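File shown here: model-v8.cif, holding mmCIF, C-alpha atoms.
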```cif
data_input
#
loop_
_atom_site.label_atom_id
_atom_site.label_comp_id
_atom_site.auth_asym_id
_atom_site.auth_seq_id
_atom_site.Cartn_x
_atom_site.Cartn_y
_atom_site.Cartn_z
CA MET A 1 0.00 0.00 0.00
CA THR A 2 1.57 3.27 -1.09
CA ARG A 3 1.52 6.40 0.97
CA ASP A 4 0.10 8.58 -1.78
CA GLY A 5 -2.22 6.04 -3.33
CA ASP A 6 -5.99 6.23 -3.56
CA ALA A 7 -6.57 4.02 -0.55
CA ASP A 8 -4.30 6.20 1.57
CA ALA A 9 -6.01 9.35 0.31
CA HIS A 10 -9.43 7.99 1.29
CA ALA A 11 -8.13 6.91 4.70
CA ARG A 12 -7.01 10.42 5.62
CA PRO A 13 -9.40 13.17 6.65
CA LEU A 14 -10.07 15.85 4.06
CA PRO A 15 -7.94 19.01 4.49
CA ARG A 16 -11.17 21.03 4.63
CA ASP A 17 -12.39 19.00 7.61
CA VAL A 18 -9.04 19.35 9.36
CA THR A 19 -9.02 23.11 8.66
CA PHE A 20 -12.48 23.64 10.14
CA ALA A 21 -11.62 21.50 13.17
CA LEU A 22 -8.38 23.40 13.80
CA ALA A 23 -10.05 26.78 13.35
CA ALA A 24 -12.84 25.90 15.77
CA CYS A 25 -10.37 24.57 18.34
CA GLY A 26 -8.21 27.65 17.92
CA LEU A 27 -11.09 30.06 18.62
CA VAL A 28 -12.12 28.12 21.73
CA ILE A 29 -8.53 27.96 22.98
CA LEU A 30 -7.89 31.67 22.44
CA ALA A 31 -11.11 32.53 24.29
CA GLY A 32 -10.03 30.26 27.14
CA GLN A 33 -6.61 31.90 27.32
CA ILE A 34 -8.13 35.36 27.48
CA ALA A 35 -10.77 34.38 30.04
CA LEU A 36 -8.38 32.59 32.43
CA GLY A 37 -4.99 34.28 32.22
CA THR A 38 -2.27 33.63 34.79
CA ASP A 39 -4.05 35.48 37.59
CA LYS A 40 -6.51 33.14 39.32
CA ALA A 41 -8.08 36.08 41.15
CA LEU A 42 -9.53 37.53 37.96
CA HIS A 43 -11.37 35.38 35.44
CA PHE A 44 -13.67 36.81 32.79
CA PRO A 45 -17.01 34.97 32.44
CA PRO A 46 -18.35 34.62 28.87
CA ASP A 47 -20.61 37.68 29.00
CA GLN A 48 -17.85 39.96 30.33
CA LEU A 49 -15.36 38.49 27.89
CA LEU A 50 -17.65 39.32 24.96
CA ARG A 51 -18.29 42.84 26.27
CA GLY A 52 -14.58 43.41 26.80
CA LEU A 53 -13.69 42.22 23.29
CA LEU A 54 -16.38 44.50 21.81
CA ALA A 55 -15.00 47.40 23.85
CA ILE A 56 -11.56 46.88 22.29
CA VAL A 57 -13.02 47.67 18.86
CA GLY A 58 -15.23 50.46 20.23
CA LEU A 59 -18.59 48.68 20.16
CA ASP A 60 -19.22 48.61 23.91
CA ALA A 61 -18.27 50.40 27.13
CA PRO A 62 -14.92 49.34 28.65
CA LEU A 63 -14.93 46.98 31.64
CA PRO A 64 -13.29 47.93 34.97
CA HIS A 65 -10.37 45.62 34.11
CA GLN A 66 -10.24 46.47 30.40
CA ALA A 67 -6.46 47.10 30.42
CA LEU A 68 -5.79 43.62 31.81
CA LEU A 69 -8.13 42.11 29.23
CA GLN A 70 -6.24 43.86 26.43
CA ILE A 71 -2.94 42.47 27.72
CA ARG A 72 -4.48 38.99 27.72
CA VAL A 73 -5.75 39.47 24.17
CA CYS A 74 -2.26 40.51 23.04
CA SER A 75 -0.74 37.53 24.86
CA ALA A 76 -3.18 35.09 23.27
CA LEU A 77 -2.65 36.50 19.77
CA THR A 78 1.12 36.49 20.28
CA SER A 79 1.11 32.84 21.34
CA ALA A 80 -0.94 31.92 18.26
CA GLY A 81 1.38 33.89 15.98
CA VAL A 82 4.51 32.42 17.55
CA GLY A 83 3.17 28.90 17.05
CA ALA A 84 2.22 29.62 13.44
CA CYS A 85 5.62 31.19 12.62
CA LEU A 86 7.72 28.43 14.17
CA ALA A 87 5.59 25.60 12.79
CA VAL A 88 5.54 26.84 9.20
CA ALA A 89 9.26 27.65 9.36
CA GLY A 90 9.91 24.04 10.36
CA ALA A 91 7.71 22.69 7.58
CA LEU A 92 9.42 24.88 4.97
CA LEU A 93 12.92 23.83 6.03
CA GLN A 94 11.96 20.17 6.24
CA GLY A 95 10.65 20.34 2.69
CA LEU A 96 13.75 22.12 1.40
CA LEU A 97 16.25 19.89 3.21
CA ARG A 98 14.18 16.74 2.60
CA ASN A 99 14.60 15.86 6.26
CA PRO A 100 11.66 15.63 8.70
CA LEU A 101 14.01 16.42 11.59
CA ALA A 102 15.01 19.87 10.31
CA ASP A 103 14.29 22.67 12.78
CA PRO A 104 14.03 26.50 12.49
CA SER A 105 17.00 26.88 14.83
CA LEU A 106 19.13 24.89 12.37
CA LEU A 107 20.08 28.02 10.41
CA GLY A 108 21.36 29.88 13.47
CA VAL A 109 18.50 32.39 13.49
CA THR A 110 17.48 31.60 17.06
CA SER A 111 21.08 31.99 18.26
CA GLY A 112 21.32 35.32 16.44
CA ALA A 113 18.18 36.54 18.19
CA SER A 114 19.55 35.36 21.52
CA LEU A 115 22.81 37.23 20.93
CA GLY A 116 20.91 40.41 20.03
CA ALA A 117 18.74 40.14 23.14
CA THR A 118 21.86 39.51 25.23
CA ALA A 119 23.44 42.70 23.94
CA ALA A 120 20.27 44.68 24.75
CA LEU A 121 20.03 43.24 28.26
CA LEU A 122 23.67 44.08 28.88
CA ALA A 123 23.06 47.67 27.76
CA LEU A 124 20.04 47.99 30.02
CA GLY A 125 21.75 46.27 32.94
CA GLY A 126 24.71 48.56 33.42
CA ILE A 127 27.18 48.08 30.58
CA ALA A 128 26.07 51.19 28.69
CA PRO A 129 26.75 54.69 30.09
CA LEU A 130 24.27 55.96 32.70
CA VAL A 131 22.77 58.63 30.44
CA VAL A 132 22.02 55.97 27.82
CA ARG A 133 20.46 53.62 30.37
CA GLU A 134 18.23 56.39 31.73
CA GLY A 135 17.09 57.30 28.23
CA LEU A 136 16.29 53.70 27.40
CA GLY A 137 14.68 52.78 30.70
CA GLU A 138 11.04 52.92 29.55
CA LEU A 139 11.94 51.41 26.19
CA GLY A 140 13.54 48.31 27.74
CA PRO A 141 11.05 45.69 26.48
CA TRP A 142 11.01 47.29 23.02
CA LEU A 143 14.80 47.36 22.93
CA VAL A 144 15.20 43.70 23.86
CA SER A 145 12.65 42.51 21.29
CA GLY A 146 14.01 44.86 18.64
CA ALA A 147 17.61 43.79 19.26
CA ALA A 148 16.57 40.13 19.06
CA LEU A 149 14.87 40.80 15.73
CA VAL A 150 17.90 42.67 14.37
CA GLY A 151 20.25 39.89 15.47
CA ALA A 152 18.09 37.25 13.84
CA LEU A 153 17.80 39.21 10.60
CA LEU A 154 21.57 39.77 10.47
CA VAL A 155 22.12 36.04 10.73
CA THR A 156 19.49 35.54 8.03
CA GLY A 157 21.45 37.84 5.73
CA ILE A 158 24.69 35.97 6.43
CA VAL A 159 23.00 32.63 5.73
CA VAL A 160 21.51 33.83 2.46
CA ILE A 161 24.70 35.51 1.18
CA LEU A 162 27.13 32.79 2.18
CA GLY A 163 24.62 30.04 1.44
CA GLN A 164 24.35 31.19 -2.16
CA ARG A 165 28.10 30.74 -2.59
CA LEU A 166 28.47 27.51 -0.66
CA THR A 167 25.46 25.50 -1.81
CA GLY A 168 26.57 25.72 -5.41
CA ARG A 169 29.68 23.72 -4.53
CA GLY A 170 28.52 21.46 -1.73
CA GLY A 171 24.77 21.15 -2.18
CA ILE A 172 22.20 21.76 0.51
CA ALA A 173 24.42 20.05 3.09
CA MET A 174 26.68 23.12 3.02
CA LEU A 175 23.74 25.26 4.10
CA VAL A 176 23.21 23.01 7.11
CA LEU A 177 26.90 23.10 8.01
CA LEU A 178 26.83 26.89 7.74
CA GLY A 179 23.95 27.00 10.21
CA VAL A 180 25.78 24.67 12.59
CA ALA A 181 28.89 26.86 12.42
CA LEU A 182 26.92 30.05 13.07
CA ASN A 183 25.10 28.41 15.98
CA SER A 184 28.42 27.39 17.52
CA CYS A 185 29.96 30.85 17.12
CA MET A 186 27.02 32.67 18.69
CA ALA A 187 26.54 30.11 21.44
CA GLY A 188 30.21 30.59 22.30
CA ALA A 189 29.78 34.37 22.39
CA ILE A 190 26.75 34.09 24.70
CA ALA A 191 28.60 31.65 26.96
CA ALA A 192 31.55 34.06 27.15
CA VAL A 193 29.21 36.87 28.21
CA GLN A 194 27.62 34.70 30.88
CA ASP A 195 31.01 33.62 32.17
CA GLY A 196 32.09 37.26 32.41
CA LEU A 197 28.92 38.20 34.27
CA PHE A 198 29.40 35.32 36.69
CA ALA A 199 32.99 36.38 37.35
CA ALA A 200 31.79 39.95 37.97
CA GLN A 201 29.00 38.66 40.26
CA ARG A 202 26.29 40.28 38.11
CA LEU A 203 23.71 37.68 39.07
CA ASP A 204 20.87 40.07 38.22
CA LEU A 205 21.94 40.16 34.57
CA LEU A 206 22.52 36.41 34.55
CA GLY A 207 18.99 35.91 35.83
CA ALA A 208 17.59 38.21 33.15
CA LEU A 209 19.44 36.32 30.42
CA GLN A 210 18.21 32.99 31.74
CA ALA A 211 14.64 34.24 31.99
CA TRP A 212 14.71 35.45 28.39
CA SER A 213 16.18 32.15 27.20
CA MET A 214 13.16 30.28 28.63
CA GLY A 215 10.69 32.34 26.59
CA ALA A 216 7.55 34.24 27.60
CA LEU A 217 4.00 34.21 26.22
CA HIS A 218 2.22 36.28 28.87
CA GLU A 219 2.10 40.04 29.43
CA ARG A 220 2.67 40.70 25.74
CA GLN A 221 2.03 44.07 24.14
CA PRO A 222 0.61 45.16 20.76
CA TYR A 223 4.08 45.43 19.24
CA HIS A 224 4.63 41.74 19.99
CA VAL A 225 1.45 40.95 18.06
CA LEU A 226 2.68 43.10 15.18
CA MET A 227 6.00 41.22 15.09
CA VAL A 228 4.44 37.78 14.77
CA ALA A 229 1.84 39.11 12.36
CA CYS A 230 4.68 40.17 10.03
CA GLY A 231 6.09 36.63 10.15
CA VAL A 232 2.72 35.04 9.43
CA PHE A 233 2.07 37.50 6.58
CA ALA A 234 5.41 36.65 4.96
CA ALA A 235 4.62 32.94 5.15
CA VAL A 236 1.16 33.45 3.64
CA LEU A 237 2.70 35.31 0.71
CA VAL A 238 5.39 32.70 0.04
CA ILE A 239 3.54 29.39 0.56
CA PRO A 240 1.65 29.50 -2.81
CA ARG A 241 4.95 30.23 -4.57
CA VAL A 242 6.92 27.28 -3.19
CA ALA A 243 4.46 24.52 -2.22
CA ARG A 244 4.40 22.76 -5.61
CA GLU A 245 8.15 23.23 -6.07
CA LEU A 246 8.91 21.64 -2.70
CA ASP A 247 6.92 18.58 -3.77
CA LEU A 248 9.03 18.34 -6.91
CA LEU A 249 12.26 18.86 -4.94
CA ALA A 250 11.51 15.68 -2.99
CA GLY A 251 13.01 13.74 -5.92
CA GLY A 252 16.27 15.72 -5.84
CA ASP A 253 17.54 18.99 -7.30
CA ASP A 254 18.38 17.53 -10.72
CA ASP A 255 14.95 16.00 -11.21
CA ALA A 256 13.30 19.20 -10.09
CA ARG A 257 15.34 21.26 -12.56
CA SER A 258 14.37 18.91 -15.38
CA LEU A 259 10.72 19.64 -14.48
CA GLY A 260 11.26 23.39 -14.74
CA VAL A 261 11.86 24.30 -11.08
CA ASP A 262 14.16 27.25 -10.40
CA VAL A 263 15.94 25.57 -7.49
CA THR A 264 17.96 28.64 -6.50
CA ARG A 265 14.87 30.83 -6.35
CA VAL A 266 12.96 28.30 -4.26
CA ARG A 267 15.90 27.84 -1.92
CA VAL A 268 16.27 31.58 -1.30
CA LEU A 269 12.53 32.08 -0.80
CA VAL A 270 12.26 29.20 1.67
CA VAL A 271 15.36 30.12 3.68
CA VAL A 272 14.47 33.82 3.88
CA THR A 273 10.84 33.15 4.81
CA ALA A 274 11.65 30.48 7.39
CA ALA A 275 14.37 32.63 8.93
CA PHE A 276 12.21 35.76 8.97
CA ALA A 277 9.23 33.95 10.53
CA THR A 278 11.52 32.43 13.16
CA ALA A 279 13.10 35.83 13.83
CA CYS A 280 9.70 37.42 14.41
CA ALA A 281 8.61 34.62 16.76
CA VAL A 282 11.83 34.63 18.80
CA ALA A 283 11.86 38.43 19.05
CA ALA A 284 8.29 38.41 20.38
CA ALA A 285 8.48 35.51 22.82
CA GLY A 286 12.08 34.34 23.19
CA PRO A 287 13.51 31.04 21.96
CA ILE A 288 10.91 28.25 21.97
CA GLY A 289 12.03 24.86 20.73
CA PHE A 290 10.41 21.84 19.11
CA VAL A 291 7.31 23.59 17.69
CA GLY A 292 8.79 23.48 14.19
CA LEU A 293 9.49 19.75 14.65
CA VAL A 294 6.32 18.48 16.33
CA VAL A 295 3.57 20.29 14.43
CA PRO A 296 4.67 19.42 10.84
CA GLN A 297 5.05 15.77 11.86
CA VAL A 298 1.51 15.61 13.23
CA VAL A 299 0.09 17.41 10.18
CA ARG A 300 1.80 14.99 7.79
CA LEU A 301 0.33 12.06 9.70
CA ALA A 302 -3.11 13.63 9.28
CA VAL A 303 -3.11 14.82 5.65
CA GLY A 304 -0.13 13.25 3.88
CA ALA A 305 3.10 14.68 2.54
CA SER A 306 1.86 17.14 -0.10
CA HIS A 307 3.24 20.57 0.75
CA ARG A 308 0.18 22.22 -0.75
CA ARG A 309 -1.68 20.75 2.22
CA VAL A 310 1.06 20.53 4.82
CA LEU A 311 2.23 24.15 4.74
CA TRP A 312 -1.21 25.74 5.16
CA LEU A 313 -2.35 23.28 7.81
CA THR A 314 0.96 23.56 9.66
CA LEU A 315 0.51 27.33 9.80
CA LEU A 316 -2.93 26.85 11.34
CA GLY A 317 -1.85 23.90 13.47
CA GLY A 318 0.98 25.88 15.06
CA ALA A 319 -1.45 28.69 15.87
CA VAL A 320 -3.54 26.12 17.78
CA PHE A 321 -0.76 24.01 19.30
CA VAL A 322 1.15 26.65 21.28
CA PRO A 323 -1.95 28.41 22.74
CA GLY A 324 -3.52 25.01 23.42
CA LEU A 325 -0.56 23.85 25.46
CA ASP A 326 -0.50 27.16 27.30
CA LEU A 327 -4.23 26.88 28.10
CA LEU A 328 -3.76 23.32 29.33
CA GLN A 329 -1.13 24.59 31.73
CA LEU A 330 -3.41 27.40 32.92
CA VAL A 331 -6.19 24.92 33.66
CA VAL A 332 -3.97 22.34 35.37
CA LEU A 333 -1.31 24.46 37.08
CA GLY A 334 -2.90 27.90 37.38
CA GLU A 335 -0.38 30.64 38.07
CA ARG A 336 2.64 28.32 38.46
CA THR A 337 3.06 27.47 34.80
CA PHE A 338 6.28 26.37 33.12
CA ARG A 339 7.95 28.83 30.78
CA PRO A 340 7.22 27.97 27.12
CA ASN A 341 10.71 26.77 26.20
CA VAL A 342 10.67 24.43 29.21
CA GLN A 343 7.28 22.94 28.40
CA MET A 344 8.07 22.57 24.69
CA THR A 345 11.37 20.85 25.43
CA LEU A 346 9.68 18.37 27.77
CA LEU A 347 6.88 17.67 25.31
CA GLY A 348 9.12 17.66 22.22
CA GLY A 349 11.62 15.23 23.71
CA THR A 350 8.84 12.85 24.74
CA PHE A 351 7.20 13.13 21.32
CA PHE A 352 10.35 12.25 19.43
CA LEU A 353 11.20 9.35 21.68
CA ALA A 354 7.77 7.94 20.87
CA LEU A 355 8.29 8.70 17.18
CA LEU A 356 11.65 6.93 17.15
CA PHE A 357 10.12 3.82 18.71
CA ALA A 358 7.26 3.87 16.20
CA ARG A 359 9.65 4.28 13.28
CA SER A 360 11.92 1.48 14.49
CA ARG A 361 8.98 -0.90 14.82
CA SER A 362 7.61 -0.14 11.37
CA ARG A 363 11.12 -0.21 9.85
CA LEU A 364 10.52 2.96 7.89
CA ALA A 365 13.50 5.07 6.85
CA TRP A 366 13.60 8.79 7.56
#
```
If you convert what's in this file into structure tokens, what do you get?
Amino acid sequence: MTRDGDADAHARPLPRDVTFALAACGLVILAGQIALGTDKALHFPPDQLLRGLLAIVGLDAPLPHQALLQIRVCSALTSAGVGACLAVAGALLQGLLRNPLADPSLLGVTSGASLGATAALLALGGIAPLVVREGLGELGPWLVSGAALVGALLVTGIVVILGQRLTGRGGIAMLVLLGVALNSCMAGAIAAVQDGLFAAQRLDLLGALQAWSMGALHERQPYHVLMVACGVFAAVLVIPRVARELDLLAGGDDDARSLGVDVTRVRVLVVVTAAFATACAVAAAGPIGFVGLVVPQVVRLAVGASHRRVLWLTLLGGAVFVPGLDLLQLVVLGERTFRPNVQMTLLGGTFFLALLFARSRSRLAW
């Protein structure tokens, strides 16, 4: 029985059914996130939640806790956007590299964002002159997110420029090696900074760096929503232009070229889009692992391997997966929730252990 045969196609749910199910789940999950929040003392019942949401767009009078509700709305939308960006970035890279274990952090974008955020935290924490720190005091959250975005985009530019030169000689494997090298360089730089802070007994800055490295989905602001919206918008623009080509690339670059695919164009589009979406997500919420690995795997199990289905449903699935896991934590743990990078690492490691056992039993190659 073939994977793409008629019997397999009939056995899988229709993409339309999966889309409607994901959209419905996503709306319910976002409403739950907004209603509960991390503060157990203040929950919004359905009638107040509806009134508060209408007040945001000017169709009703504001509630007494309208400002808190708006923060929760921004946090919920940010979590959905972060999930969508990371998931679709993973699916794009997996299609390009023809490897289901490819991850958005593979290109070094996450490390670049971490290095940019580290530089911003150092400036705010006492490294910059006093007059600069005082001027940037109220802009601290903006500065950290903006520096993370700049760092990620700089790495994206390096990957694209050097990748264009290297992949022509060594194939796509050179792009992966470039990402590994960049990750190592930036991880070493961050480790050197942390070692220097430890030697100087700047435990406050060390704590801030560690907190940022674990990610954050709560207490987000409108500019965080705007960041992830830019990443989602870029993915929406690019998916129709690369989905068919990624299917053809599954047979190898030479076969794809013989079928009329501009391999260089597709490669640049995929790398830039995946890196930009990852940069937006990391700048808004910090580094969050495994989303780009788990969600595309689940979507492929549900609808098959066609990128014309996988990419769109992965975008939607990521927007449901991250808020859904956050809501589950809110319901079970209340205020004492794990930071997103912690929970994703725990879940992602467990998921791939199970996947490895399943693959070994079925004797299927990667």
Around the point (-8.6, 20.3, 16.0), in the coordinates given by the file, pick out the residues reaching within 12 Å, counting all atoms listed in the file, and return them as a PDB file with C-alpha atoms, in the coordinates of the input.
```pdb
ATOM      1  CA  PRO A  13      -9.400  13.170   6.650  1.00  0.00           C
ATOM      2  CA  PRO A  15      -7.940  19.010   4.490  1.00  0.00           C
ATOM      3  CA  ARG A  16     -11.170  21.030   4.630  1.00  0.00           C
ATOM      4  CA  ASP A  17     -12.390  19.000   7.610  1.00  0.00           C
ATOM      5  CA  VAL A  18      -9.040  19.350   9.360  1.00  0.00           C
ATOM      6  CA  THR A  19      -9.020  23.110   8.660  1.00  0.00           C
ATOM      7  CA  PHE A  20     -12.480  23.640  10.140  1.00  0.00           C
ATOM      8  CA  ALA A  21     -11.620  21.500  13.170  1.00  0.00           C
ATOM      9  CA  LEU A  22      -8.380  23.400  13.800  1.00  0.00           C
ATOM     10  CA  ALA A  23     -10.050  26.780  13.350  1.00  0.00           C
ATOM     11  CA  ALA A  24     -12.840  25.900  15.770  1.00  0.00           C
ATOM     12  CA  CYS A  25     -10.370  24.570  18.340  1.00  0.00           C
ATOM     13  CA  GLY A  26      -8.210  27.650  17.920  1.00  0.00           C
ATOM     14  CA  LEU A  27     -11.090  30.060  18.620  1.00  0.00           C
ATOM     15  CA  VAL A  28     -12.120  28.120  21.730  1.00  0.00           C
ATOM     16  CA  ILE A  29      -8.530  27.960  22.980  1.00  0.00           C
ATOM     17  CA  VAL A 298       1.510  15.610  13.230  1.00  0.00           C
ATOM     18  CA  VAL A 299       0.090  17.410  10.180  1.00  0.00           C
ATOM     19  CA  ALA A 302      -3.110  13.630   9.280  1.00  0.00           C
ATOM     20  CA  LEU A 313      -2.350  23.280   7.810  1.00  0.00           C
ATOM     21  CA  THR A 314       0.960  23.560   9.660  1.00  0.00           C
ATOM     22  CA  LEU A 316      -2.930  26.850  11.340  1.00  0.00           C
ATOM     23  CA  GLY A 317      -1.850  23.900  13.470  1.00  0.00           C
ATOM     24  CA  GLY A 318       0.980  25.880  15.060  1.00  0.00           C
ATOM     25  CA  ALA A 319      -1.450  28.690  15.870  1.00  0.00           C
ATOM     26  CA  VAL A 320      -3.540  26.120  17.780  1.00  0.00           C
ATOM     27  CA  PHE A 321      -0.760  24.010  19.300  1.00  0.00           C
ATOM     28  CA  GLY A 324      -3.520  25.010  23.420  1.00  0.00           C
TER      29      GLY A 324
END
```
A:Leu327, A:Thr278, A:Ala120, A:Ala173 ranked by distance to Gly32 (chain A), top pick (using only C-alpha atoms):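 Checking each of A:Leu327, A:Thr278, A:Ala120, A:Ala173 against Gly32 (chain A), counting only C-alpha atoms, the winner is A:Leu327.
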Using all atoms listed in the file, which residues sit within 12 Å of Gly188 (chain A) once same-chain residues fewer than 5 positions away are excluded, as a short mmCIF file (atom, residue, chain, number, x, y, z; two decimals) with C-alpha atoms, in the coordinates of the input?
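The resulting file, part.cif, is reproduced below:
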```cif
data_model
loop_
_atom_site.label_atom_id
_atom_site.label_comp_id
_atom_site.auth_asym_id
_atom_site.auth_seq_id
_atom_site.Cartn_x
_atom_site.Cartn_y
_atom_site.Cartn_z
CA SER A 111 21.08 31.99 18.26
CA GLY A 112 21.32 35.32 16.44
CA SER A 114 19.55 35.36 21.52
CA LEU A 115 22.81 37.23 20.93
CA ALA A 181 28.89 26.86 12.42
CA LEU A 182 26.92 30.05 13.07
CA ASN A 183 25.10 28.41 15.98
CA VAL A 193 29.21 36.87 28.21
CA GLN A 194 27.62 34.70 30.88
CA ASP A 195 31.01 33.62 32.17
#
```
Apply the PyMOL selection byres ((chain A and resi 294) around 12) to the structure shown and report the selected residues as a ChimeraX atom specification. /A:83,86-91,94,100-104,289-293,295-301,314,317-318,321-322,344-355
Looking at all atoms listed in the file, which of A:Arg98, A:Arg265, A:His218, A:Arg309 is the one that sits closest to Gly251 (chain A)?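 Counting all atoms listed in the file, the residue closest to Gly251 (chain A) is A:Arg98.
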For region 221-225 of chain A, please output as a PDB file with C-alpha atoms, in the coordinates of the input all residues within 7 Å (counting only C-alpha atoms; exclusion window: fewer than 3 positions along the same chain).
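Heads up, here's the output in part36.pdb:
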```pdb
ATOM      1  CA  ILE A  71      -2.940  42.470  27.720  1.00  0.00           C
ATOM      2  CA  CYS A  74      -2.260  40.510  23.040  1.00  0.00           C
ATOM      3  CA  LEU A  77      -2.650  36.500  19.770  1.00  0.00           C
ATOM      4  CA  THR A  78       1.120  36.490  20.280  1.00  0.00           C
ATOM      5  CA  VAL A 228       4.440  37.780  14.770  1.00  0.00           C
ATOM      6  CA  ALA A 229       1.840  39.110  12.360  1.00  0.00           C
ATOM      7  CA  ALA A 284       8.290  38.410  20.380  1.00  0.00           C
TER       8      ALA A 284
END
```
What lies within 12 Å of Asp326 (chain A) using only C-alpha atoms, ignoring chain neighbours under 6 positions off, as JSON, numbers by chain? {"A": [29, 30, 32, 33, 34, 36, 37, 38, 75, 76, 78, 79, 80, 83, 216, 217, 218, 319, 320, 332, 333, 334, 335, 336, 337, 338, 339, 340, 341, 342, 343, 344]}
Prev. selection, C-alpha atoms, output as an mmCIF file, in the frame of the given file:
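Below is the file that was written, selection.cif:
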```
data_model
loop_
_atom_site.group_PDB
_atom_site.id
_atom_site.type_symbol
_atom_site.label_atom_id
_atom_site.label_comp_id
_atom_site.auth_asym_id
_atom_site.auth_seq_id
_atom_site.Cartn_x
_atom_site.Cartn_y
_atom_site.Cartn_z
ATOM 1 C CA ILE A 29 -8.530 27.960 22.980
ATOM 2 C CA LEU A 30 -7.890 31.670 22.440
ATOM 3 C CA GLY A 32 -10.030 30.260 27.140
ATOM 4 C CA GLN A 33 -6.610 31.900 27.320
ATOM 5 C CA ILE A 34 -8.130 35.360 27.480
ATOM 6 C CA LEU A 36 -8.380 32.590 32.430
ATOM 7 C CA GLY A 37 -4.990 34.280 32.220
ATOM 8 C CA THR A 38 -2.270 33.630 34.790
ATOM 9 C CA SER A 75 -0.740 37.530 24.860
ATOM 10 C CA ALA A 76 -3.180 35.090 23.270
ATOM 11 C CA THR A 78 1.120 36.490 20.280
ATOM 12 C CA SER A 79 1.110 32.840 21.340
ATOM 13 C CA ALA A 80 -0.940 31.920 18.260
ATOM 14 C CA GLY A 83 3.170 28.900 17.050
ATOM 15 C CA ALA A 216 7.550 34.240 27.600
ATOM 16 C CA LEU A 217 4.000 34.210 26.220
ATOM 17 C CA HIS A 218 2.220 36.280 28.870
ATOM 18 C CA ALA A 319 -1.450 28.690 15.870
ATOM 19 C CA VAL A 320 -3.540 26.120 17.780
ATOM 20 C CA VAL A 332 -3.970 22.340 35.370
ATOM 21 C CA LEU A 333 -1.310 24.460 37.080
ATOM 22 C CA GLY A 334 -2.900 27.900 37.380
ATOM 23 C CA GLU A 335 -0.380 30.640 38.070
ATOM 24 C CA ARG A 336 2.640 28.320 38.460
ATOM 25 C CA THR A 337 3.060 27.470 34.800
ATOM 26 C CA PHE A 338 6.280 26.370 33.120
ATOM 27 C CA ARG A 339 7.950 28.830 30.780
ATOM 28 C CA PRO A 340 7.220 27.970 27.120
ATOM 29 C CA ASN A 341 10.710 26.770 26.200
ATOM 30 C CA VAL A 342 10.670 24.430 29.210
ATOM 31 C CA GLN A 343 7.280 22.940 28.400
ATOM 32 C CA MET A 344 8.070 22.570 24.690
#
```
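Going from CA of Gly215 (chain A) to CA of Ala281 (chain A) covers 10.3 Å.
CA of Val232 (chain A) lies 23.5 Å from CA of Val263 (chain A).
Our summary of the geometry notes that CA of Arg220 (chain A) is positioned 25.6 Å from CA of Leu237 (chain A).
Checking A:Met174, A:Ala283, A:Leu106, A:Leu92 one by one against Ile239 (chain A), counting all atoms listed in the file, you find the shortest gap at A:Leu92.
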Answer key for the PyMOL selection byres ((chain A and resi 276) around 9), residues as an NGL selection string: :A and (85 or 89 or 109 or 149 or 152-153 or 156 or 230-231 or 234-235 or 271-275 or 277-281)
Dump of C-alpha atoms for the selected residues, as a CSV table (one decimal), in the coordinates of the input:
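File written: part-v9.csv
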```csv
chain,number,residue,atom,x,y,z
A,85,CYS,CA,5.6,31.2,12.6
A,89,ALA,CA,9.3,27.6,9.4
A,109,VAL,CA,18.5,32.4,13.5
A,149,LEU,CA,14.9,40.8,15.7
A,152,ALA,CA,18.1,37.2,13.8
A,153,LEU,CA,17.8,39.2,10.6
A,156,THR,CA,19.5,35.5,8.0
A,230,CYS,CA,4.7,40.2,10.0
A,231,GLY,CA,6.1,36.6,10.2
A,234,ALA,CA,5.4,36.6,5.0
A,235,ALA,CA,4.6,32.9,5.2
A,271,VAL,CA,15.4,30.1,3.7
A,272,VAL,CA,14.5,33.8,3.9
A,273,THR,CA,10.8,33.2,4.8
A,274,ALA,CA,11.6,30.5,7.4
A,275,ALA,CA,14.4,32.6,8.9
A,277,ALA,CA,9.2,34.0,10.5
A,278,THR,CA,11.5,32.4,13.2
A,279,ALA,CA,13.1,35.8,13.8
A,280,CYS,CA,9.7,37.4,14.4
A,281,ALA,CA,8.6,34.6,16.8
```
If the PyMOL selection byres ((chain A and resi 206) around 12) is run on the structure shown, which residues does it catch, given as number ranges by chain? A: 118, 121-122, 125, 190-205, 207-213
Keeping C-alpha atoms for every residue in the selection just given, could you write it to a file as a compact mmCIF listing (two decimals), keeping the file's coordinate frame?
```txt
# COMPACT_ATOMS: atom_id res chain seq x y z
CA THR A 118 21.86 39.51 25.23
CA LEU A 121 20.03 43.24 28.26
CA LEU A 122 23.67 44.08 28.88
CA GLY A 125 21.75 46.27 32.94
CA ILE A 190 26.75 34.09 24.70
CA ALA A 191 28.60 31.65 26.96
CA ALA A 192 31.55 34.06 27.15
CA VAL A 193 29.21 36.87 28.21
CA GLN A 194 27.62 34.70 30.88
CA ASP A 195 31.01 33.62 32.17
CA GLY A 196 32.09 37.26 32.41
CA LEU A 197 28.92 38.20 34.27
CA PHE A 198 29.40 35.32 36.69
CA ALA A 199 32.99 36.38 37.35
CA ALA A 200 31.79 39.95 37.97
CA GLN A 201 29.00 38.66 40.26
CA ARG A 202 26.29 40.28 38.11
CA LEU A 203 23.71 37.68 39.07
CA ASP A 204 20.87 40.07 38.22
CA LEU A 205 21.94 40.16 34.57
CA GLY A 207 18.99 35.91 35.83
CA ALA A 208 17.59 38.21 33.15
CA LEU A 209 19.44 36.32 30.42
CA GLN A 210 18.21 32.99 31.74
CA ALA A 211 14.64 34.24 31.99
CA TRP A 212 14.71 35.45 28.39
CA SER A 213 16.18 32.15 27.20
```
